[in-house]
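Undergrad: Below you'll find target_1.tsv; it's TSV, C-alpha atoms and all ligand atoms.
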```tsv
chain	number	residue	atom	x	y	z
A	23	MET	CA	208.19	99.32	94.92
A	24	GLU	CA	206.75	99.51	91.45
A	25	ASN	CA	204.14	96.79	91.84
A	26	SER	CA	201.29	98.55	93.60
A	27	LYS	CA	198.80	96.09	92.01
A	28	GLU	CA	200.14	93.34	94.26
A	29	MET	CA	199.54	95.57	97.30
A	30	ARG	CA	195.79	95.85	96.68
A	31	GLY	CA	195.10	92.12	96.35
A	32	TRP	CA	193.81	91.98	99.93
A	33	LEU	CA	191.25	94.68	99.16
A	34	ASP	CA	190.14	93.24	95.82
A	35	ASN	CA	189.75	89.81	97.42
A	36	LEU	CA	187.17	91.21	99.84
A	37	GLY	CA	184.92	91.58	96.76
A	38	LEU	CA	183.11	94.62	98.16
A	39	ASP	CA	180.57	96.49	96.05
A	40	HIS	CA	181.06	99.62	98.14
A	41	PRO	CA	184.09	101.42	99.60
A	42	LEU	CA	185.96	99.61	102.35
A	43	VAL	CA	184.81	100.78	105.79
A	44	ILE	CA	186.93	100.51	108.92
A	45	ALA	CA	184.97	101.69	111.97
A	46	GLY	CA	184.94	101.45	115.72
A	47	PRO	CA	185.94	103.54	118.70
A	48	CYS	CA	188.96	105.80	118.89
A	49	SER	CA	189.90	103.84	122.02
A	50	ALA	CA	188.88	100.48	123.42
A	51	GLU	CA	187.56	101.46	126.86
A	52	THR	CA	185.87	98.39	128.34
A	53	GLU	CA	185.04	94.90	127.12
A	54	GLU	CA	181.31	95.76	127.12
A	55	GLN	CA	181.91	98.88	125.02
A	56	VAL	CA	183.98	97.02	122.39
A	57	LEU	CA	181.46	94.16	122.16
A	58	LYS	CA	178.46	96.49	122.00
A	59	ILE	CA	179.96	98.52	119.15
A	60	ALA	CA	181.01	95.32	117.33
A	61	HIS	CA	177.48	93.91	117.53
A	62	ASP	CA	175.99	97.23	116.40
A	63	LEU	CA	178.31	97.29	113.36
A	64	LYS	CA	178.28	93.66	112.36
A	65	ASP	CA	175.42	93.78	109.88
A	66	THR	CA	176.53	97.02	108.22
A	67	ASP	CA	179.04	97.84	105.47
A	68	VAL	CA	181.85	97.78	108.03
A	69	THR	CA	184.50	95.13	107.30
A	70	TYR	CA	187.12	95.94	109.94
A	71	LEU	CA	186.37	96.80	113.56
A	72	ARG	CA	188.96	99.33	114.72
A	73	ALA	CA	189.89	100.21	118.31
A	74	GLY	CA	192.97	101.95	119.68
A	75	ILE	CA	194.62	99.95	122.44
A	76	TRP	CA	197.80	102.00	122.83
A	77	LYS	CA	196.92	105.66	122.41
A	78	PRO	CA	199.69	108.08	121.47
A	79	ARG	CA	198.51	111.28	123.14
A	80	THR	CA	200.06	114.58	122.25
A	81	ARG	CA	200.43	115.55	125.91
A	82	PRO	CA	200.70	113.25	128.94
A	83	GLY	CA	197.94	112.98	131.48
A	84	ASN	CA	195.24	111.87	129.06
A	85	PHE	CA	193.91	108.34	128.70
A	86	GLU	CA	196.73	106.35	127.08
A	87	GLY	CA	194.84	103.19	126.23
A	88	VAL	CA	193.96	99.98	128.03
A	89	GLY	CA	196.97	98.14	126.59
A	90	ALA	CA	197.21	94.46	125.67
A	91	LEU	CA	194.03	93.63	127.58
A	92	GLY	CA	192.06	95.33	124.81
A	93	LEU	CA	193.44	92.87	122.25
A	94	LYS	CA	191.47	90.12	124.00
A	95	TRP	CA	188.30	92.20	123.65
A	96	LEU	CA	188.95	92.61	119.93
A	97	GLN	CA	189.51	88.85	119.62
A	98	LYS	CA	186.26	88.21	121.44
A	99	ALA	CA	184.45	90.69	119.18
A	100	LYS	CA	185.78	88.80	116.16
A	101	GLU	CA	184.64	85.45	117.59
A	102	GLU	CA	181.17	86.79	118.35
A	103	THR	CA	180.56	88.80	115.17
A	104	GLY	CA	182.93	87.46	112.51
A	105	MET	CA	184.23	90.98	111.92
A	106	LEU	CA	187.89	91.48	111.07
A	107	THR	CA	189.88	93.51	113.59
A	108	ALA	CA	192.26	96.48	113.36
A	109	THR	CA	194.47	98.40	115.75
A	110	GLU	CA	197.39	100.85	115.82
A	111	VAL	CA	200.91	99.63	116.57
A	112	ALA	CA	203.69	102.01	117.54
A	113	ASN	CA	206.64	99.76	118.37
A	114	ALA	CA	207.94	96.18	118.06
A	115	ALA	CA	206.36	95.09	121.37
A	116	HIS	CA	202.93	96.20	120.13
A	117	VAL	CA	203.45	94.28	116.89
A	118	LYS	CA	204.37	91.10	118.76
A	119	LEU	CA	201.26	91.31	120.96
A	120	ALA	CA	198.93	92.22	118.09
A	121	LEU	CA	200.20	89.26	116.04
A	122	GLU	CA	199.84	86.93	119.03
A	123	HIS	CA	196.20	88.02	119.29
A	124	ASP	CA	195.65	87.54	115.56
A	125	ILE	CA	194.62	91.13	114.82
A	126	ASP	CA	193.90	91.25	111.08
A	127	LEU	CA	194.96	94.76	110.17
A	128	LEU	CA	197.59	96.93	111.81
A	129	TRP	CA	198.15	100.60	111.14
A	130	ILE	CA	201.00	102.94	111.82
A	131	GLY	CA	199.72	106.20	113.35
A	132	ALA	CA	200.52	109.72	112.23
A	133	ARG	CA	202.86	110.35	115.15
A	134	SER	CA	204.87	107.23	114.30
A	135	THR	CA	205.09	107.77	110.53
A	136	VAL	CA	207.22	110.84	111.21
A	137	SER	CA	209.95	108.66	112.75
A	138	PRO	CA	211.91	106.47	110.32
A	139	PHE	CA	213.50	104.52	113.21
A	140	ILE	CA	210.08	103.62	114.61
A	141	VAL	CA	208.70	102.72	111.19
A	142	GLN	CA	211.75	100.55	110.53
A	143	GLU	CA	211.38	98.85	113.92
A	144	ILE	CA	207.74	98.07	113.11
A	145	ALA	CA	208.64	96.87	109.61
A	146	ASP	CA	211.33	94.56	111.03
A	147	ALA	CA	208.93	93.17	113.64
A	148	LEU	CA	206.32	92.53	110.95
A	149	LYS	CA	208.73	91.05	108.39
A	150	GLY	CA	206.90	88.79	105.94
A	151	THR	CA	203.54	89.06	107.73
A	152	ASP	CA	200.38	88.27	105.80
A	153	LYS	CA	198.41	90.80	107.85
A	154	VAL	CA	197.24	94.02	106.21
A	155	VAL	CA	199.38	97.01	107.19
A	156	LEU	CA	198.29	100.61	106.58
A	157	VAL	CA	200.38	103.75	107.00
A	158	LYS	CA	198.72	106.96	108.14
A	159	ASN	CA	200.20	110.14	106.75
A	160	PRO	CA	202.74	111.82	109.02
A	161	VAL	CA	201.41	114.73	111.10
A	162	ASN	CA	203.36	117.16	108.91
A	163	PRO	CA	202.62	117.52	105.19
A	164	ASP	CA	205.60	115.53	103.93
A	165	LEU	CA	204.84	113.07	101.15
A	166	SER	CA	208.32	111.51	101.27
A	167	LEU	CA	207.90	110.44	104.89
A	168	TRP	CA	204.54	108.89	104.03
A	169	LEU	CA	205.97	107.02	101.05
A	170	GLY	CA	209.04	106.11	103.09
A	171	GLY	CA	206.79	104.23	105.49
A	172	ILE	CA	205.30	102.16	102.68
A	173	GLU	CA	208.74	101.52	101.18
A	174	ARG	CA	210.13	100.30	104.50
A	175	LEU	CA	207.23	97.86	104.90
A	176	TYR	CA	207.45	96.67	101.30
A	177	SER	CA	211.19	96.05	101.72
A	178	SER	CA	210.32	93.96	104.77
A	179	ASP	CA	208.36	91.66	102.49
A	180	ILE	CA	204.96	92.94	103.61
A	181	LYS	CA	202.72	92.93	100.55
A	182	LYS	CA	199.21	93.69	101.82
A	183	LEU	CA	199.54	97.43	102.10
A	184	GLY	CA	197.64	100.69	101.98
A	185	VAL	CA	197.67	104.27	103.21
A	186	ILE	CA	195.34	106.34	105.37
A	187	HIS	CA	194.92	110.05	104.78
A	188	ARG	CA	194.11	111.73	108.13
A	189	GLY	CA	195.09	115.31	107.39
A	190	PHE	CA	198.03	117.42	108.53
A	191	SER	CA	198.80	119.75	111.41
A	192	THR	CA	198.99	123.41	110.71
A	193	TYR	CA	199.90	126.46	112.71
A	194	GLU	CA	196.98	128.30	111.18
A	195	LYS	CA	193.58	127.85	112.82
A	196	THR	CA	191.12	126.40	110.30
A	197	LYS	CA	187.76	124.67	110.48
A	198	TYR	CA	189.62	121.36	110.34
A	199	ARG	CA	191.42	119.60	113.16
A	200	ASN	CA	194.00	118.52	110.57
A	201	ILE	CA	193.89	120.18	107.15
A	202	PRO	CA	193.30	117.75	104.31
A	203	GLU	CA	195.84	119.08	101.77
A	204	TRP	CA	194.09	116.81	99.26
A	205	GLN	CA	196.80	117.45	96.67
A	206	LEU	CA	199.25	115.32	98.67
A	207	ALA	CA	196.91	112.34	98.66
A	208	ILE	CA	196.29	112.89	94.94
A	209	GLU	CA	200.03	113.01	94.27
A	210	LEU	CA	200.44	109.74	96.12
A	211	GLN	CA	197.53	108.24	94.16
A	212	ASN	CA	199.14	109.32	90.88
A	213	LYS	CA	202.46	107.76	91.83
A	214	PHE	CA	200.91	104.48	93.05
A	215	PRO	CA	197.46	104.21	91.47
A	216	ASP	CA	196.79	100.72	92.84
A	217	LEU	CA	197.89	101.34	96.41
A	218	PRO	CA	194.69	101.32	98.53
A	219	LEU	CA	193.95	104.85	99.70
A	220	ILE	CA	191.65	105.26	102.69
A	221	CYS	CA	190.38	108.54	104.13
A	222	ASP	CA	189.97	109.15	107.86
A	223	PRO	CA	187.48	112.04	107.97
A	224	SER	CA	187.25	111.73	111.77
A	225	HIS	CA	190.78	112.98	112.40
A	226	ILE	CA	190.67	115.45	109.50
A	227	THR	CA	187.56	117.20	110.82
A	228	GLY	CA	187.65	116.66	114.57
A	229	LYS	CA	183.87	117.25	114.46
A	230	ARG	CA	181.20	114.71	113.73
A	231	ASP	CA	178.98	117.02	111.70
A	232	MET	CA	181.74	117.62	109.13
A	233	ILE	CA	182.47	113.94	108.51
A	234	PHE	CA	179.96	113.42	105.72
A	235	ASP	CA	181.31	116.21	103.51
A	236	VAL	CA	184.93	115.15	103.86
A	237	ALA	CA	184.01	111.50	103.24
A	238	GLN	CA	182.11	112.53	100.09
A	239	THR	CA	185.08	114.55	98.84
A	240	ALA	CA	187.33	111.51	99.38
A	241	LEU	CA	184.99	109.23	97.42
A	242	ASP	CA	184.72	111.82	94.64
A	243	LEU	CA	188.51	111.67	94.46
A	244	ASN	CA	188.32	107.91	94.05
A	245	PHE	CA	189.53	106.89	97.49
A	246	ASP	CA	189.11	103.16	98.17
A	247	GLY	CA	187.69	103.41	101.64
A	248	LEU	CA	186.95	105.24	104.86
A	249	MET	CA	188.03	104.91	108.48
A	250	ILE	CA	185.37	106.48	110.70
A	251	GLU	CA	185.53	106.54	114.49
A	252	THR	CA	182.30	105.09	115.85
A	253	HIS	CA	181.24	104.86	119.49
A	254	ASN	CA	178.06	103.80	121.28
A	255	ASP	CA	178.18	106.94	123.48
A	256	PRO	CA	180.36	109.46	121.60
A	257	ASP	CA	179.92	112.38	124.00
A	258	ASN	CA	181.32	110.32	126.84
A	259	ALA	CA	184.15	108.71	124.86
A	260	TRP	CA	187.50	108.62	126.68
A	261	SER	CA	189.28	110.14	123.65
A	262	ASP	CA	188.23	112.15	120.58
A	263	ALA	CA	184.64	112.58	121.84
A	264	ALA	CA	183.69	115.42	119.49
A	265	GLN	CA	184.43	113.50	116.30
A	266	GLN	CA	182.93	110.08	117.00
A	267	VAL	CA	179.56	109.06	115.58
A	268	THR	CA	177.09	106.44	116.73
A	269	PRO	CA	176.69	103.22	114.71
A	270	ASP	CA	173.29	104.52	113.51
A	271	THR	CA	174.83	107.75	112.25
A	272	LEU	CA	177.56	105.78	110.50
A	273	VAL	CA	174.96	103.69	108.69
A	274	GLN	CA	173.15	106.87	107.64
A	275	ILE	CA	176.39	108.44	106.40
A	276	MET	CA	177.14	105.35	104.29
A	277	LYS	CA	173.62	105.41	102.89
A	278	ASP	CA	173.81	109.09	101.92
A	279	LEU	CA	177.26	108.98	100.33
A	280	LYS	CA	177.33	108.92	96.55
A	281	ILE	CA	179.60	106.12	95.58
A	282	ARG	CA	181.48	106.27	92.31
A	283	LYS	CA	181.40	103.09	90.30
A	284	GLU	CA	184.13	102.13	87.76
A	285	SER	CA	181.65	102.82	84.98
A	286	ASP	CA	180.81	106.39	86.11
A	301	LIG	C1	193.53	107.18	115.85
A	301	LIG	O1	193.26	106.63	114.76
A	301	LIG	O2	192.81	107.10	116.85
A	301	LIG	C2	194.72	108.07	115.92
A	301	LIG	C3	195.40	108.27	117.04
A	301	LIG	O3	194.96	108.67	114.77
A	301	LIG	P1	196.15	109.55	114.19
A	301	LIG	O4	197.40	108.70	114.23
A	301	LIG	O5	195.67	109.81	112.80
A	301	LIG	O6	196.24	110.80	115.01
A	302	MN	MN	191.14	109.07	117.55
```
In structure tokens, how does this file's structure come out?
TA:
Amino acid sequence: MENSKEMRGWLDNLGLDHPLVIAGPCSAETEEQVLKIAHDLKDTDVTYLRAGIWKPRTRPGNFEGVGALGLKWLQKAKEETGMLTATEVANAAHVKLALEHDIDLLWIGARSTVSPFIVQEIADALKGTDKVVLVKNPVNPDLSLWLGGIERLYSSDIKKLGVIHRGFSTYEKTKYRNIPEWQLAIELQNKFPDLPLICDPSHITGKRDMIFDVAQTALDLNFDGLMIETHNDPDNAWSDAAQQVTPDTLVQIMKDLKIRKESD
């Protein structure tokens, strides 16, 4: 897996003059909600509209996602706005459905990256795909598991790749929902300098008013992009309410961030 240049072709081809932004709700809730958010984001710096369809919840009894129905809403959002679409897949059945609905970017969530069998199942189901596939860091601070996910996908002939840094669980109580442990992302960046590295400040912080600072730190560390959970009515979101921002706030965050240029 030496050729990380090849893995970033999909990002370079977008020709962006700002960091990549993936934004949208933690969960797809209703068709109206997905379409409203898509329309609110379509003329911003956001390239990919994200929405969780299958939600891996730590404990049962919480909202577990609308399922395949939500893929139709994402497709409709793409038709209406021209935005590219992104969702999480956690097994081979999810992959099959997401590919059938032409979702443009799939990511492996933190709770799946910890399981080599699951990652391998997803890699096998995606074999040779030309979709973009991103691997979130595992919930525990283990760089090998994170890299293992990328290696399994690469070996499955998937070449449009990248990683998402969403922080790590810790026993200690800190101001973060998931502590950043930036040094792990930096180590990964040093090993594979061309592999697209995206920060998810929403899941790192768990709180919307901390998102800006974490996003700025990521850009200062030369991250390639951001995934920020964005909802039309964050306080009433069906999952991760405290960390979601409105489309207007997202636009303001992007405006206020200092973006490093190659020449800096
Ligand atoms: C998500 O992106 O909504 C999600 C469940 O994230 P993570 O896998 O990072 O917990
Ligand atoms: Mn979430």
Undergrad: Hey, what's within 7 Å of Pro223 of chain A if we count only C-alpha atoms and toss same-chain stuff fewer than 4 positions away? As a PDB file with C-alpha atoms, in the coordinates of the input, please?
TA:
```
ATOM      1  CA  ARG A 188     194.110 111.730 108.130  1.00  0.00           C
ATOM      2  CA  THR A 227     187.560 117.200 110.820  1.00  0.00           C
ATOM      3  CA  ILE A 233     182.470 113.940 108.510  1.00  0.00           C
ATOM      4  CA  VAL A 236     184.930 115.150 103.860  1.00  0.00           C
ATOM      5  CA  ALA A 237     184.010 111.500 103.240  1.00  0.00           C
ATOM      6  CA  ILE A 250     185.370 106.480 110.700  1.00  0.00           C
TER       7      ILE A 250
END
```
Undergrad: Just checking: using all atoms listed in the file, which residue out of A:Arg72, A:Lys27, A:Arg79, A:Arg133 ends up closest to Ala60 of chain A?
TA: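 When distances to Ala60 of chain A are compared using all atoms listed in the file, the smallest one comes from A:Arg72.
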Undergrad: Residues within 9 Å of Phe190 of chain A, please, as a list in words. Count all atoms listed in the file; anything in the same chain fewer than 6 positions from it doesn't count.
TA: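 What passes the distance filter is Ala132, Asn159, Pro160, Val161, Asn162, Pro163, Arg199, Asn200, Ile201, Pro202, Glu203 and Ile226 of chain A.
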Undergrad: Go ahead and save the picked residues with C-alpha atoms, as a short mmCIF file (atom, residue, chain, number, x, y, z; two decimals), in the coordinates of the input.
TA:
```cif
data_model
loop_
_atom_site.label_atom_id
_atom_site.label_comp_id
_atom_site.auth_asym_id
_atom_site.auth_seq_id
_atom_site.Cartn_x
_atom_site.Cartn_y
_atom_site.Cartn_z
CA ALA A 132 200.52 109.72 112.23
CA ASN A 159 200.20 110.14 106.75
CA PRO A 160 202.74 111.82 109.02
CA VAL A 161 201.41 114.73 111.10
CA ASN A 162 203.36 117.16 108.91
CA PRO A 163 202.62 117.52 105.19
CA ARG A 199 191.42 119.60 113.16
CA ASN A 200 194.00 118.52 110.57
CA ILE A 201 193.89 120.18 107.15
CA PRO A 202 193.30 117.75 104.31
CA GLU A 203 195.84 119.08 101.77
CA ILE A 226 190.67 115.45 109.50
#
```
Undergrad: Fewer than 6 positions away in the same chain doesn't count, so skip those; otherwise give me all residues within 12 Å of Leu175 of chain A, counting all atoms listed in the file, as a ChimeraX atom specification.
TA: /A:23,29,128-130,135,138,140-157,168-169,181-185
Undergrad: What does the list of residues within 7 Å of ligand LIG 301 (chain A) look like if you count only C-alpha atoms and all ligand atoms, written as an mmCIF file with C-alpha atoms, in the frame of the given file?
TA:
```
data_model
loop_
_atom_site.group_PDB
_atom_site.id
_atom_site.type_symbol
_atom_site.label_atom_id
_atom_site.label_comp_id
_atom_site.auth_asym_id
_atom_site.auth_seq_id
_atom_site.Cartn_x
_atom_site.Cartn_y
_atom_site.Cartn_z
ATOM 1 C CA CYS A 48 188.960 105.800 118.890
ATOM 2 C CA SER A 49 189.900 103.840 122.020
ATOM 3 C CA GLY A 74 192.970 101.950 119.680
ATOM 4 C CA LYS A 77 196.920 105.660 122.410
ATOM 5 C CA PRO A 78 199.690 108.080 121.470
ATOM 6 C CA GLY A 131 199.720 106.200 113.350
ATOM 7 C CA ALA A 132 200.520 109.720 112.230
ATOM 8 C CA ARG A 133 202.860 110.350 115.150
ATOM 9 C CA LYS A 158 198.720 106.960 108.140
ATOM 10 C CA ARG A 188 194.110 111.730 108.130
ATOM 11 C CA HIS A 225 190.780 112.980 112.400
#
```
Undergrad: Between A:Thr80, A:Gln97, A:Thr196, A:Thr271, which is the closest to ligand MN 302 (chain A) once you count all atoms listed in the file?
TA: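 Residue with the minimum atom-to-atom distance to ligand MN 302 (chain A): A:Thr80.
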Undergrad: Which residue out of A:Ala99, A:Ala108, A:Ile186, A:Asn244 has the minimum interatomic distance to Ile172 of chain A when all atoms listed in the file are used?
TA: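 Looking only at the distances to Ile172 of chain A, the closest residue turns out to be A:Ile186.
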Undergrad: Interatomic distance between atom CA of Glu102 of chain A and atom CA of Asp124 of chain A?
TA: 14.8 Å
Undergrad: Which residues, written as a PyMOL selection string, have at least one atom at most 10 Å from Lys64 of chain A, with all atoms listed in the file counted and residues fewer than 2 positions away on the same chain left out?
TA: chain A and resi 59-62+66-71+99-100+102-106+269
Undergrad: Grab the atom CA of Gly46 of chain A to atom CA of Lys58 of chain A distance for me, in Å with one decimal place.
TA: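 About the pair atom CA of Gly46 of chain A and atom CA of Lys58 of chain A: they are 10.3 Å apart.
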Undergrad: Any idea what the distance is between atom CA of Thr268 of chain A and atom CA of Leu57 of chain A?
TA: 14.1 Å
Undergrad: Name the closest residue to ligand MN 302 (chain A) among the candidates A:Val56, A:Met249, A:Leu167, A:Met232; distances are taken between atoms, counting only C-alpha atoms and all ligand atoms.
TA: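 Ranked by minimum distance to ligand MN 302 (chain A), first place goes to A:Met249.
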Undergrad: Once 8 Å is added on each side, what are the centre and the three edge lengths, in Å to one decimal, of the axis-aligned box enclosing the listed atoms of segment 91-99 of chain A? Present them as JSON.
TA:
```
{"center_x": 189.2, "center_y": 91.8, "center_z": 123.4, "size_x": 25.6, "size_y": 23.1, "size_z": 24.4}
```
Undergrad: For Ala90 of chain A, work out the shell of residues within 10 Å, counting only C-alpha atoms and skipping chain neighbours fewer than 6 positions away, then give it as a list in words.
TA: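 In the requested form, the answer reads Ile75, Trp76, His116, Leu119, Ala120 and His123 of chain A.
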Undergrad: Considering only C-alpha atoms and all ligand atoms, can you say which of A:Ile220, A:Ala114, A:Ala73, A:Leu33 comes closest to ligand MN 302 (chain A)?
TA: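 Between A:Ile220, A:Ala114, A:Ala73, A:Leu33, the residue approaching ligand MN 302 (chain A) most closely is A:Ala73.
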Undergrad: I'd like to know which of A:Gln266, A:Ser261, A:Thr239, A:Ser191 is closest to Leu279 of chain A, using only C-alpha atoms.
TA: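 The shortest atom-to-atom distance to Leu279 of chain A comes from A:Thr239.
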Undergrad: The residues within 12 Å of (187.8, 109.0, 128.1), using only C-alpha atoms and the coordinates of the file, should be reported as a list in words; which are they?
TA: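 All residues meeting the 12 Å criterion around (187.8, 109.0, 128.1) are Pro47, Cys48, Ser49, Ala50, Glu51, Thr52, Lys77, Gly83, Asn84, Phe85, Glu86, Gly87, Val88, His253, Asp255, Pro256, Asp257, Asn258, Ala259, Trp260, Ser261, Asp262, Ala263 and Ala264 of chain A.
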